Amino acid sequence: MYDWVKSDLRNFGQYYSENSEVRDLSNKDIDIAFIGSGLSSTFTLIEYINQLEEIPNLKNTKDNDLVRIMMFEKDSWLWGGIPYGRRSGFTSLIITPLDEFLPESELNTFIDWMGENIDWLIIPFKKNAGNRSKKWLEDCEEKIKLKKSARIHIPRYFFGIYIWEKLKNACSASNKSIKLDFVNAEVSSIKQNQKGNFNICVNNEFTFSTNQILLGVGIPQIRSLGEINTKLNDVIFLKDPYLPDLESSITIISDYVKKQESSKILVVGANASALELIYQITNYIDVAKNNLHFTVMSPQGKLPDLFIKDKQTKFQADSLNTLSSSDDAITADMILDALKQDLDFADNNNFDISDTLPIFTNHVGGLVQRLSKAEKQKFISFHGVEIGRLQRRAGLEYTQPVDELSHLNRLDVIRGKFINFCKDADMTKVLFKNGNSSGTQMDRYDVVINCAGSSGLTEAGMSPLLKQLIESGICSSTSSNHGLKVGDNFEVMPGFYINGPLLAGNVVGEMGIWHVEHCGRIIGFAKKIAANILDETNPI
């Protein structure tokens, strides 16, 4: 933990990374293992510890009343995961305002915590501030101190440190005997042993035995742009801008473009990461001085729109309203068709996502509950994902750079698909399919950044662990191919639970889950999953 973090939090936890330490620790049987140290795992662990207090006589422990918990994380930074840890950098912001990011149950607590801790929290932000970050400080630092921050976009690492302290406080307040260790190693396989427990192999070398597992890793790896056979000596190509971290990627881009008279930057993909890269490049690099021009390429040819909460609107979703009013049986196709009709009307009549999204959300949520089990499964496998793709949104902080670049004619957003790099007169160019024509085109770009999003559970998109779990038959992918199948208790099998993005494509009870990217959903799931884990070993 960095030296600017307050001492009691900086000294929280025992960390093991050396082979000798991990080997010695592997001799200890574990009551429950948490794979990953991001939001999904950490919040579930917090709930698990809190709910332990309600159990008078624990039945699942192997060592008297001691509950032995281990958290495994492959990244060297053991808090926050990719979104809320160091890999996203210290000046990256949440994409929506705080009151849309957090549920009401957590919002005021977090606002109070920020206000009380802002003096040390803000240190690395100020140290790394670019031009946009300095403007953010002028607008927002005082609001955080005054605890009037519900409508602002806060640095993401704030929340990562908050949940880390929340975990520390849960451990400190517990009346149970808890031994919590953090292992900085990559889990390479999980296998069920003859006793019905699980063997966890880390770094392909050391094996731990555990009664229960919570798998809380993030989305499958970023989608590859394919096999690159061309030498890219004259192009900067970032396969994953968050590897090893976003700060390093921005430095590479900055060093390169400052040597050029002008630079064309291609961002492949039009999701939240694409907005973040544009924000951070323009945060640290003077666009006019370095003569930068951006192109965003995606199948839709559209970046997420600015969403304004509680906007007054005259928009009415007539097709969805008609469907909602009908007493007839409905299908997943009918919901998507009605939404597309209403979306076409909105586009043709100058309504934007601030007009449509709240109305669409209300209708779709109710309509999905009316679907049969089979139609609900069909909806979450395709239709829900498609609706999400059609209704992408962002807040002012990340859409403002897009508006500024568009106004200066320094941004093109095109419908297209990246095919590959190719050589043309000893110059590296990008070969792509233009969505407005049937043929292919070539163009020269100095910097190419892959923001294509997750490839799902495909051969190219899986980590070694996910590949092993599926090939071994322990887990199977959902029909949407973006998650792992679970039962009504969020379990793969007895003792093995999942929280986070890998729940995508499941119907849990009557609840259809087509994506799990919202912080509030993960927090809500954590409460239920922790209860299920404890009920399994400590039934009433």
# chains A, B, ... in the order shown; residues from 1 in each chain; ligands from 1
>>> residues_around(residues="Tyr2 in chain A", least_positions_apart="5", cutoff="12 Å", atoms="only C-alpha atoms", output="count of residues only")
14
>>> select_by_dssp(residues="range 130-270 of chain A", states="helix (DSSP H, G or I)", output="ChimeraX atom specification")
/A:131-145,156-173,246-257
>>> residues_around(residues="Gly435 in chain A", least_positions_apart="6", cutoff="12 Å", atoms="only C-alpha atoms", output="ChimeraX atom specification")
/A:297-301,413-418,441
>>> closest_residue(among="A:Ser472, A:Gln280, A:Asn506, A:Asn184", to="Ser92 in chain A", atoms="only C-alpha atoms")
A:Gln280
>>> closest_residue(among="A:Cys422, A:Ile82, A:Val183, A:Leu66", to="Gln14 in chain A", atoms="only C-alpha atoms")
A:Val183
>>> select_by_dssp(residues="range 134-329 of chain A", states="strand (DSSP E)", output="CSV table (one decimal) with all heavy atoms, in the first residue's frame")
chain,number,residue,atom,x,y,z
A,177,SER,N,-13.4,-15.4,15.5
A,177,SER,CA,-11.9,-15.6,15.3
A,177,SER,C,-11.7,-15.8,13.8
A,177,SER,O,-12.0,-16.9,13.3
A,177,SER,CB,-11.4,-16.7,16.2
A,177,SER,OG,-10.0,-16.9,16.0
A,178,ILE,N,-11.2,-14.8,13.2
A,178,ILE,CA,-11.0,-14.8,11.7
A,178,ILE,C,-9.5,-14.7,11.4
A,178,ILE,O,-8.9,-13.8,11.9
A,178,ILE,CB,-11.8,-13.7,11.0
A,178,ILE,CG1,-13.3,-13.9,11.2
A,178,ILE,CG2,-11.5,-13.6,9.5
A,178,ILE,CD1,-14.2,-12.7,10.7
A,179,LYS,N,-9.0,-15.6,10.5
A,179,LYS,CA,-7.7,-15.4,10.0
A,179,LYS,C,-7.8,-15.2,8.5
A,179,LYS,O,-8.2,-16.1,7.8
A,179,LYS,CB,-6.9,-16.7,10.3
A,179,LYS,CG,-5.4,-16.7,9.8
A,179,LYS,CD,-4.6,-15.7,10.7
A,179,LYS,CE,-3.1,-15.9,10.4
A,179,LYS,NZ,-2.7,-15.3,9.1
A,180,LEU,N,-7.5,-14.0,8.1
A,180,LEU,CA,-7.6,-13.6,6.7
A,180,LEU,C,-6.2,-13.3,6.1
A,180,LEU,O,-5.5,-12.5,6.6
A,180,LEU,CB,-8.5,-12.3,6.6
A,180,LEU,CG,-8.6,-11.6,5.2
A,180,LEU,CD1,-9.2,-12.6,4.2
A,180,LEU,CD2,-9.4,-10.4,5.3
A,181,ASP,N,-5.9,-14.0,5.1
A,181,ASP,CA,-4.6,-13.9,4.4
A,181,ASP,C,-4.8,-13.5,3.0
A,181,ASP,O,-5.8,-14.0,2.3
A,181,ASP,CB,-3.8,-15.2,4.5
A,181,ASP,CG,-3.4,-15.5,6.0
A,181,ASP,OD1,-2.9,-14.6,6.7
A,181,ASP,OD2,-3.6,-16.7,6.4
A,182,PHE,N,-3.9,-12.8,2.4
A,182,PHE,CA,-3.9,-12.4,1.0
A,182,PHE,C,-2.7,-13.0,0.3
A,182,PHE,O,-1.6,-12.8,0.7
A,182,PHE,CB,-3.9,-10.8,0.9
A,182,PHE,CG,-5.0,-10.2,1.6
A,182,PHE,CD1,-4.8,-9.6,2.9
A,182,PHE,CD2,-6.3,-10.1,1.1
A,182,PHE,CE1,-5.8,-9.0,3.6
A,182,PHE,CE2,-7.3,-9.4,1.7
A,182,PHE,CZ,-7.1,-8.9,3.0
A,183,VAL,N,-3.0,-13.7,-0.8
A,183,VAL,CA,-2.0,-14.4,-1.5
A,183,VAL,C,-1.9,-13.7,-2.9
A,183,VAL,O,-2.8,-13.8,-3.7
A,183,VAL,CB,-2.3,-15.9,-1.7
A,183,VAL,CG1,-1.2,-16.6,-2.5
A,183,VAL,CG2,-2.5,-16.5,-0.3
A,184,ASN,N,-0.7,-13.2,-3.2
A,184,ASN,CA,-0.5,-12.5,-4.5
A,184,ASN,C,0.1,-13.6,-5.4
A,184,ASN,O,1.3,-13.8,-5.6
A,184,ASN,CB,0.5,-11.4,-4.3
A,184,ASN,CG,0.9,-10.7,-5.6
A,184,ASN,OD1,1.9,-10.0,-5.7
A,184,ASN,ND2,0.0,-10.8,-6.6
A,187,VAL,N,-4.3,-18.0,-9.6
A,187,VAL,CA,-5.0,-19.3,-9.5
A,187,VAL,C,-5.0,-19.9,-10.9
A,187,VAL,O,-5.6,-19.3,-11.9
A,187,VAL,CB,-6.4,-19.2,-9.0
A,187,VAL,CG1,-7.1,-20.5,-9.0
A,187,VAL,CG2,-6.3,-18.6,-7.5
A,188,SER,N,-4.3,-21.0,-11.1
A,188,SER,CA,-4.2,-21.7,-12.4
A,188,SER,C,-5.2,-22.8,-12.6
A,188,SER,O,-5.6,-23.1,-13.8
A,188,SER,CB,-2.8,-22.2,-12.6
A,188,SER,OG,-2.3,-22.9,-11.5
A,189,SER,N,-5.7,-23.4,-11.5
A,189,SER,CA,-6.8,-24.4,-11.7
A,189,SER,C,-7.5,-24.6,-10.4
A,189,SER,O,-7.0,-24.3,-9.3
A,189,SER,CB,-6.2,-25.7,-12.1
A,189,SER,OG,-5.4,-26.3,-11.1
A,190,ILE,N,-8.8,-25.1,-10.5
A,190,ILE,CA,-9.6,-25.4,-9.4
A,190,ILE,C,-10.2,-26.8,-9.7
A,190,ILE,O,-10.8,-27.0,-10.7
A,190,ILE,CB,-10.8,-24.4,-9.1
A,190,ILE,CG1,-10.2,-23.0,-8.8
A,190,ILE,CG2,-11.7,-24.9,-8.0
A,190,ILE,CD1,-11.3,-22.0,-8.7
A,191,LYS,N,-10.0,-27.8,-8.8
A,191,LYS,CA,-10.4,-29.1,-9.0
A,191,LYS,C,-11.1,-29.6,-7.7
A,191,LYS,O,-10.7,-29.2,-6.6
A,191,LYS,CB,-9.3,-30.1,-9.3
A,191,LYS,CG,-8.6,-29.7,-10.6
A,191,LYS,CD,-7.4,-30.6,-10.9
A,191,LYS,CE,-6.7,-30.2,-12.2
A,191,LYS,NZ,-5.5,-31.0,-12.5
A,192,GLN,N,-12.1,-30.5,-7.9
A,192,GLN,CA,-12.8,-31.0,-6.7
A,192,GLN,C,-12.0,-32.3,-6.3
A,192,GLN,O,-11.6,-33.1,-7.1
A,192,GLN,CB,-14.2,-31.4,-7.1
A,192,GLN,CG,-15.1,-31.6,-5.9
A,192,GLN,CD,-16.6,-31.6,-6.2
A,192,GLN,OE1,-17.0,-32.0,-7.4
A,192,GLN,NE2,-17.5,-31.3,-5.3
A,198,PHE,N,-12.3,-28.6,-2.4
A,198,PHE,CA,-11.7,-28.1,-3.7
A,198,PHE,C,-10.2,-27.9,-3.5
A,198,PHE,O,-9.7,-27.4,-2.4
A,198,PHE,CB,-12.3,-26.8,-4.1
A,198,PHE,CG,-13.8,-26.9,-4.4
A,198,PHE,CD1,-14.7,-26.6,-3.4
A,198,PHE,CD2,-14.3,-27.3,-5.6
A,198,PHE,CE1,-16.1,-26.7,-3.6
A,198,PHE,CE2,-15.6,-27.4,-5.8
A,198,PHE,CZ,-16.5,-27.1,-4.8
A,199,ASN,N,-9.4,-28.3,-4.5
A,199,ASN,CA,-8.0,-28.0,-4.5
A,199,ASN,C,-7.7,-26.8,-5.5
A,199,ASN,O,-8.2,-26.8,-6.6
A,199,ASN,CB,-7.2,-29.2,-5.0
A,199,ASN,CG,-7.2,-30.4,-4.0
A,199,ASN,OD1,-7.4,-30.1,-2.8
A,199,ASN,ND2,-7.0,-31.6,-4.5
A,200,ILE,N,-7.1,-25.8,-4.9
A,200,ILE,CA,-6.8,-24.6,-5.7
A,200,ILE,C,-5.3,-24.6,-6.0
A,200,ILE,O,-4.5,-24.6,-5.0
A,200,ILE,CB,-7.1,-23.3,-4.9
A,200,ILE,CG1,-8.6,-23.3,-4.7
A,200,ILE,CG2,-6.6,-22.1,-5.7
A,200,ILE,CD1,-9.0,-22.1,-3.8
A,201,CYS,N,-4.9,-24.7,-7.2
A,201,CYS,CA,-3.5,-24.6,-7.6
A,201,CYS,C,-3.1,-23.2,-8.0
A,201,CYS,O,-3.8,-22.6,-8.8
A,201,CYS,CB,-3.2,-25.6,-8.8
A,201,CYS,SG,-1.5,-25.6,-9.3
A,202,VAL,N,-2.0,-22.7,-7.5
A,202,VAL,CA,-1.6,-21.3,-7.8
A,202,VAL,C,-0.2,-21.4,-8.5
A,202,VAL,O,0.6,-22.2,-8.1
A,202,VAL,CB,-1.6,-20.4,-6.6
A,202,VAL,CG1,-2.9,-20.3,-5.9
A,202,VAL,CG2,-0.5,-20.8,-5.6
A,206,PHE,N,1.7,-24.6,-6.4
A,206,PHE,CA,1.3,-24.9,-5.0
A,206,PHE,C,-0.2,-25.1,-4.9
A,206,PHE,O,-1.0,-24.4,-5.6
A,206,PHE,CB,1.7,-23.7,-4.1
A,206,PHE,CG,3.1,-23.3,-4.2
A,206,PHE,CD1,3.5,-22.1,-4.8
A,206,PHE,CD2,4.1,-24.2,-3.8
A,206,PHE,CE1,4.9,-21.8,-4.9
A,206,PHE,CE2,5.5,-23.9,-3.9
A,206,PHE,CZ,5.8,-22.7,-4.5
A,207,THR,N,-0.6,-26.1,-4.1
A,207,THR,CA,-2.0,-26.5,-4.0
A,207,THR,C,-2.6,-26.2,-2.6
A,207,THR,O,-1.9,-26.6,-1.6
A,207,THR,CB,-2.2,-28.0,-4.3
A,207,THR,OG1,-1.7,-28.2,-5.7
A,207,THR,CG2,-3.7,-28.4,-4.2
A,208,PHE,N,-3.7,-25.5,-2.6
A,208,PHE,CA,-4.4,-25.2,-1.3
A,208,PHE,C,-5.7,-26.1,-1.3
A,208,PHE,O,-6.3,-26.3,-2.4
A,208,PHE,CB,-4.8,-23.8,-1.2
A,208,PHE,CG,-3.6,-22.8,-1.1
A,208,PHE,CD1,-2.8,-22.5,-2.2
A,208,PHE,CD2,-3.3,-22.2,0.1
A,208,PHE,CE1,-1.7,-21.7,-2.1
A,208,PHE,CE2,-2.2,-21.4,0.2
A,208,PHE,CZ,-1.4,-21.1,-0.9
A,209,SER,N,-6.2,-26.4,-0.1
A,209,SER,CA,-7.4,-27.1,0.0
A,209,SER,C,-8.4,-26.2,0.7
A,209,SER,O,-8.1,-25.6,1.7
A,209,SER,CB,-7.3,-28.4,0.8
A,209,SER,OG,-8.5,-29.1,1.0
A,210,THR,N,-9.6,-26.1,0.2
A,210,THR,CA,-10.7,-25.3,0.7
A,210,THR,C,-12.0,-25.9,0.7
A,210,THR,O,-12.3,-26.7,-0.2
A,210,THR,CB,-10.7,-23.9,0.0
A,210,THR,OG1,-11.7,-23.1,0.6
A,210,THR,CG2,-11.1,-24.1,-1.5
A,211,ASN,N,-12.8,-25.6,1.7
A,211,ASN,CA,-14.2,-26.1,1.8
A,211,ASN,C,-15.1,-25.4,0.7
A,211,ASN,O,-15.9,-26.1,0.1
A,211,ASN,CB,-14.8,-25.8,3.2
A,211,ASN,CG,-14.3,-26.7,4.2
A,211,ASN,OD1,-13.6,-27.7,4.0
A,211,ASN,ND2,-14.5,-26.4,5.5
A,212,GLN,N,-15.0,-24.1,0.6
A,212,GLN,CA,-15.8,-23.3,-0.3
A,212,GLN,C,-15.0,-22.3,-1.1
A,212,GLN,O,-13.9,-21.9,-0.7
A,212,GLN,CB,-16.9,-22.6,0.6
A,212,GLN,CG,-17.9,-23.5,1.3
A,212,GLN,CD,-18.8,-22.7,2.2
A,212,GLN,OE1,-18.4,-22.1,3.1
A,212,GLN,NE2,-20.1,-22.8,1.9
A,213,ILE,N,-15.6,-21.9,-2.2
A,213,ILE,CA,-15.0,-20.9,-3.1
A,213,ILE,C,-16.0,-19.9,-3.5
A,213,ILE,O,-17.1,-20.2,-3.8
A,213,ILE,CB,-14.4,-21.7,-4.3
A,213,ILE,CG1,-13.2,-22.5,-4.0
A,213,ILE,CG2,-14.0,-20.7,-5.4
A,213,ILE,CD1,-12.7,-23.3,-5.1
A,214,LEU,N,-15.5,-18.6,-3.6
A,214,LEU,CA,-16.2,-17.6,-4.3
A,214,LEU,C,-15.4,-17.1,-5.4
A,214,LEU,O,-14.3,-16.5,-5.2
A,214,LEU,CB,-16.6,-16.4,-3.3
A,214,LEU,CG,-17.5,-15.2,-3.8
A,214,LEU,CD1,-16.7,-14.3,-4.7
A,214,LEU,CD2,-18.7,-15.7,-4.5
A,215,LEU,N,-15.8,-17.3,-6.6
A,215,LEU,CA,-15.1,-16.8,-7.8
A,215,LEU,C,-15.6,-15.4,-8.2
A,215,LEU,O,-16.8,-15.3,-8.5
A,215,LEU,CB,-15.3,-17.8,-9.0
A,215,LEU,CG,-14.6,-17.4,-10.3
A,215,LEU,CD1,-13.1,-17.4,-10.1
A,215,LEU,CD2,-15.0,-18.4,-11.4
A,236,ILE,N,2.2,2.8,-33.1
A,236,ILE,CA,2.0,2.4,-31.7
A,236,ILE,C,0.7,1.6,-31.7
A,236,ILE,O,-0.4,2.2,-32.0
A,236,ILE,CB,2.0,3.6,-30.8
A,236,ILE,CG1,3.3,4.3,-30.7
A,236,ILE,CG2,1.6,3.2,-29.4
A,236,ILE,CD1,4.4,3.6,-30.2
A,237,PHE,N,0.8,0.4,-31.2
A,237,PHE,CA,-0.4,-0.5,-31.1
A,237,PHE,C,-0.6,-1.0,-29.7
A,237,PHE,O,0.3,-1.7,-29.2
A,237,PHE,CB,-0.3,-1.7,-32.1
A,237,PHE,CG,-1.5,-2.6,-32.0
A,237,PHE,CD1,-2.8,-2.2,-31.8
A,237,PHE,CD2,-1.2,-4.0,-31.9
A,237,PHE,CE1,-3.9,-3.1,-31.7
A,237,PHE,CE2,-2.3,-4.9,-31.8
A,237,PHE,CZ,-3.6,-4.5,-31.7
A,238,LEU,N,-1.7,-0.5,-29.0
A,238,LEU,CA,-1.9,-1.0,-27.7
A,238,LEU,C,-3.0,-2.0,-27.7
A,238,LEU,O,-4.2,-1.8,-27.9
A,238,LEU,CB,-2.4,0.2,-26.8
A,238,LEU,CG,-1.3,1.4,-26.7
A,238,LEU,CD1,-1.9,2.5,-25.9
A,238,LEU,CD2,-0.1,0.9,-26.0
A,263,SER,N,-0.5,13.6,-35.6
A,263,SER,CA,-0.8,12.2,-35.3
A,263,SER,C,-2.3,11.9,-35.4
A,263,SER,O,-3.1,12.7,-34.9
A,263,SER,CB,-0.3,11.8,-33.9
A,263,SER,OG,1.1,11.9,-33.8
A,264,LYS,N,-2.5,10.8,-36.1
A,264,LYS,CA,-3.9,10.3,-36.1
A,264,LYS,C,-4.0,9.1,-35.2
A,264,LYS,O,-3.2,8.2,-35.2
A,264,LYS,CB,-4.2,9.8,-37.6
A,264,LYS,CG,-4.2,11.0,-38.6
A,264,LYS,CD,-4.4,10.5,-40.0
A,264,LYS,CE,-5.7,9.8,-40.2
A,264,LYS,NZ,-5.8,9.3,-41.6
A,265,ILE,N,-5.0,9.2,-34.3
A,265,ILE,CA,-5.2,8.1,-33.3
A,265,ILE,C,-6.5,7.4,-33.6
A,265,ILE,O,-7.6,8.0,-33.8
A,265,ILE,CB,-5.3,8.8,-31.9
A,265,ILE,CG1,-4.0,9.5,-31.6
A,265,ILE,CG2,-5.6,7.7,-30.9
A,265,ILE,CD1,-4.0,10.2,-30.3
A,266,LEU,N,-6.4,6.1,-33.7
A,266,LEU,CA,-7.6,5.2,-34.0
A,266,LEU,C,-7.9,4.5,-32.7
A,266,LEU,O,-7.1,3.8,-32.1
A,266,LEU,CB,-7.3,4.2,-35.1
A,266,LEU,CG,-8.4,3.2,-35.4
A,266,LEU,CD1,-9.7,3.8,-35.8
A,266,LEU,CD2,-8.0,2.1,-36.3
A,267,VAL,N,-9.2,4.6,-32.2
A,267,VAL,CA,-9.7,3.9,-31.1
A,267,VAL,C,-10.7,2.8,-31.7
A,267,VAL,O,-11.7,3.2,-32.3
A,267,VAL,CB,-10.4,4.8,-30.1
A,267,VAL,CG1,-10.9,4.0,-28.9
A,267,VAL,CG2,-9.4,5.8,-29.6
A,268,VAL,N,-10.4,1.6,-31.5
A,268,VAL,CA,-11.3,0.5,-32.0
A,268,VAL,C,-12.2,0.1,-30.9
A,268,VAL,O,-11.8,-0.5,-29.9
A,268,VAL,CB,-10.4,-0.7,-32.5
A,268,VAL,CG1,-11.4,-1.8,-33.0
A,268,VAL,CG2,-9.4,-0.3,-33.5
A,292,LEU,N,-3.5,16.6,-33.1
A,292,LEU,CA,-4.0,15.3,-33.0
A,292,LEU,C,-5.4,15.2,-33.7
A,292,LEU,O,-6.2,16.2,-33.6
A,292,LEU,CB,-4.2,14.9,-31.5
A,292,LEU,CG,-3.0,14.8,-30.6
A,292,LEU,CD1,-3.4,14.3,-29.2
A,292,LEU,CD2,-1.9,14.0,-31.2
A,293,HIS,N,-5.7,14.1,-34.2
A,293,HIS,CA,-7.0,13.8,-34.8
A,293,HIS,C,-7.4,12.4,-34.4
A,293,HIS,O,-6.6,11.4,-34.5
A,293,HIS,CB,-7.0,13.9,-36.3
A,293,HIS,CG,-8.4,13.8,-36.9
A,293,HIS,ND1,-9.1,12.6,-37.1
A,293,HIS,CD2,-9.3,14.8,-37.2
A,293,HIS,CE1,-10.3,12.8,-37.6
A,293,HIS,NE2,-10.5,14.1,-37.7
A,294,PHE,N,-8.6,12.2,-33.9
A,294,PHE,CA,-9.1,11.0,-33.3
A,294,PHE,C,-10.1,10.4,-34.3
A,294,PHE,O,-11.0,11.1,-34.9
A,294,PHE,CB,-9.8,11.1,-32.0
A,294,PHE,CG,-8.9,11.5,-30.9
A,294,PHE,CD1,-8.4,12.9,-30.7
A,294,PHE,CD2,-8.4,10.6,-30.0
A,294,PHE,CE1,-7.6,13.2,-29.7
A,294,PHE,CE2,-7.6,11.0,-28.9
A,294,PHE,CZ,-7.2,12.3,-28.8
A,295,THR,N,-10.1,9.0,-34.5
A,295,THR,CA,-11.1,8.3,-35.1
A,295,THR,C,-11.6,7.2,-34.2
A,295,THR,O,-10.7,6.4,-33.7
A,295,THR,CB,-10.7,7.7,-36.5
A,295,THR,OG1,-10.2,8.8,-37.3
A,295,THR,CG2,-11.8,6.9,-37.1
A,296,VAL,N,-12.9,7.0,-34.0
A,296,VAL,CA,-13.4,5.9,-33.3
A,296,VAL,C,-14.2,5.0,-34.3
A,296,VAL,O,-15.0,5.5,-35.0
A,296,VAL,CB,-14.4,6.4,-32.2
A,296,VAL,CG1,-15.1,5.2,-31.5
A,296,VAL,CG2,-13.7,7.3,-31.1
A,297,MET,N,-13.8,3.8,-34.3
A,297,MET,CA,-14.4,2.8,-35.2
A,297,MET,C,-15.1,1.7,-34.4
A,297,MET,O,-14.6,1.1,-33.5
A,297,MET,CB,-13.3,2.2,-36.1
A,297,MET,CG,-13.8,1.1,-37.1
A,297,MET,SD,-12.4,0.3,-37.9
A,297,MET,CE,-11.6,1.6,-38.7
A,298,SER,N,-16.4,1.5,-34.7
A,298,SER,CA,-17.2,0.4,-34.1
A,298,SER,C,-18.3,0.0,-35.0
A,298,SER,O,-18.6,0.7,-36.0
A,298,SER,CB,-17.8,0.9,-32.8
A,298,SER,OG,-18.9,1.8,-33.0
A,305,ASP,N,-23.9,8.2,-25.3
A,305,ASP,CA,-24.5,9.5,-25.2
A,305,ASP,C,-24.5,10.1,-23.8
A,305,ASP,O,-24.5,9.3,-22.8
A,305,ASP,CB,-25.9,9.6,-25.8
A,305,ASP,CG,-26.0,9.3,-27.2
A,305,ASP,OD1,-25.0,9.8,-27.9
A,305,ASP,OD2,-26.9,8.7,-27.7
A,306,LEU,N,-24.5,11.4,-23.7
A,306,LEU,CA,-24.6,12.0,-22.4
A,306,LEU,C,-26.0,11.7,-21.8
A,306,LEU,O,-27.0,11.9,-22.4
A,306,LEU,CB,-24.5,13.6,-22.5
A,306,LEU,CG,-24.8,14.4,-21.3
A,306,LEU,CD1,-23.8,14.1,-20.2
A,306,LEU,CD2,-24.8,15.9,-21.6
>>> residues_around(residues="range 375-386 of chain A", least_positions_apart="6", cutoff="7 Å", atoms="only C-alpha atoms", output="ChimeraX atom specification")
/A:331-332,336,368,479-480,505,507,512-514
>>> closest_residue(among="A:Val486, A:Thr361, A:Thr44, A:Gln221", to="Thr458 in chain A", atoms="only C-alpha atoms")
A:Gln221
>>> closest_residue(among="A:Leu465, A:Ile522, A:Val430, A:Met71", to="Leu167 in chain A", atoms="only C-alpha atoms")
A:Met71
>>> residues_around(residues="Ile281 in chain A", least_positions_apart="5", cutoff="12 Å", atoms="only C-alpha atoms", output="PyMOL selection string")
chain A and resi 91-92+130-133+241+246-255+257+265+267+274-276+286-287+290+292-294+398+401-402+405+447+449
>>> closest_residue(among="A:Ser454, A:Asn489, A:Ala338, A:Ile32", to="Arg223 in chain A", atoms="only C-alpha atoms")
A:Ser454
>>> residues_around(residues="Ile523 in chain A", least_positions_apart="2", cutoff="10 Å", atoms="only C-alpha atoms", output="ChimeraX atom specification")
/A:39-40,42-44,47,102-103,105-106,499-500,518-521,525-529
>>> residues_around(residues="Pro358 in chain A", least_positions_apart="5", cutoff="10 Å", atoms="only C-alpha atoms", output="PyMOL selection string")
chain A and resi 309-311+353+363
>>> atom_distance(atom1="CA of Leu367 in chain A", atom2="CA of Ile335 in chain A")
7.3 Å
>>> atom_distance(atom1="CA of Leu357 in chain A", atom2="CA of Thr322 in chain A")
17.4 Å
>>> atom_distance(atom1="CA of Ala530 in chain A", atom2="CA of Ser88 in chain A")
28.1 Å
>>> closest_residue(among="A:Ile219, A:Tyr15, A:Ser354, A:Ile144", to="Gly81 in chain A", atoms="only C-alpha atoms")
A:Ile219
>>> decode(residues="range 133-145 of chain A", atoms="N, CA and C atoms", output="JSON list (two decimals), in the first residue's frame")
[["chain", "number", "residue", "atom", "x", "y", "z"],
["A", 133, "SER", "N", -7.92, 17.09, -15.11],
["A", 133, "SER", "CA", -7.93, 16.78, -13.69],
["A", 133, "SER", "C", -7.86, 18.04, -12.84],
["A", 134, "LYS", "N", -7.09, 19.03, -13.28],
["A", 134, "LYS", "CA", -6.99, 20.29, -12.53],
["A", 134, "LYS", "C", -8.34, 21.02, -12.52],
["A", 135, "LYS", "N", -9.04, 20.95, -13.65],
["A", 135, "LYS", "CA", -10.38, 21.55, -13.70],
["A", 135, "LYS", "C", -11.33, 20.80, -12.76],
["A", 136, "TRP", "N", -11.20, 19.48, -12.72],
["A", 136, "TRP", "CA", -12.02, 18.67, -11.82],
["A", 136, "TRP", "C", -11.78, 19.10, -10.37],
["A", 137, "LEU", "N", -10.53, 19.32, -10.02],
["A", 137, "LEU", "CA", -10.21, 19.74, -8.65],
["A", 137, "LEU", "C", -10.90, 21.05, -8.30],
["A", 138, "GLU", "N", -10.87, 22.00, -9.23],
["A", 138, "GLU", "CA", -11.52, 23.30, -8.99],
["A", 138, "GLU", "C", -13.02, 23.13, -8.75],
["A", 139, "ASP", "N", -13.62, 22.21, -9.51],
["A", 139, "ASP", "CA", -15.08, 22.05, -9.45],
["A", 139, "ASP", "C", -15.55, 21.16, -8.30],
["A", 140, "CYS", "N", -14.72, 20.18, -7.90],
["A", 140, "CYS", "CA", -15.24, 19.09, -7.09],
["A", 140, "CYS", "C", -14.60, 18.88, -5.73],
["A", 141, "GLU", "N", -13.36, 19.32, -5.53],
["A", 141, "GLU", "CA", -12.69, 19.01, -4.26],
["A", 141, "GLU", "C", -13.47, 19.57, -3.07],
["A", 142, "GLU", "N", -13.92, 20.80, -3.17],
["A", 142, "GLU", "CA", -14.64, 21.42, -2.07],
["A", 142, "GLU", "C", -15.98, 20.73, -1.83],
["A", 143, "LYS", "N", -16.64, 20.27, -2.90],
["A", 143, "LYS", "CA", -17.91, 19.57, -2.75],
["A", 143, "LYS", "C", -17.73, 18.29, -1.94],
["A", 144, "ILE", "N", -16.61, 17.60, -2.19],
["A", 144, "ILE", "CA", -16.35, 16.38, -1.43],
["A", 144, "ILE", "C", -16.12, 16.70, 0.03],
["A", 145, "LYS", "N", -15.36, 17.75, 0.32],
["A", 145, "LYS", "CA", -15.10, 18.14, 1.70],
["A", 145, "LYS", "C", -16.39, 18.50, 2.43]]
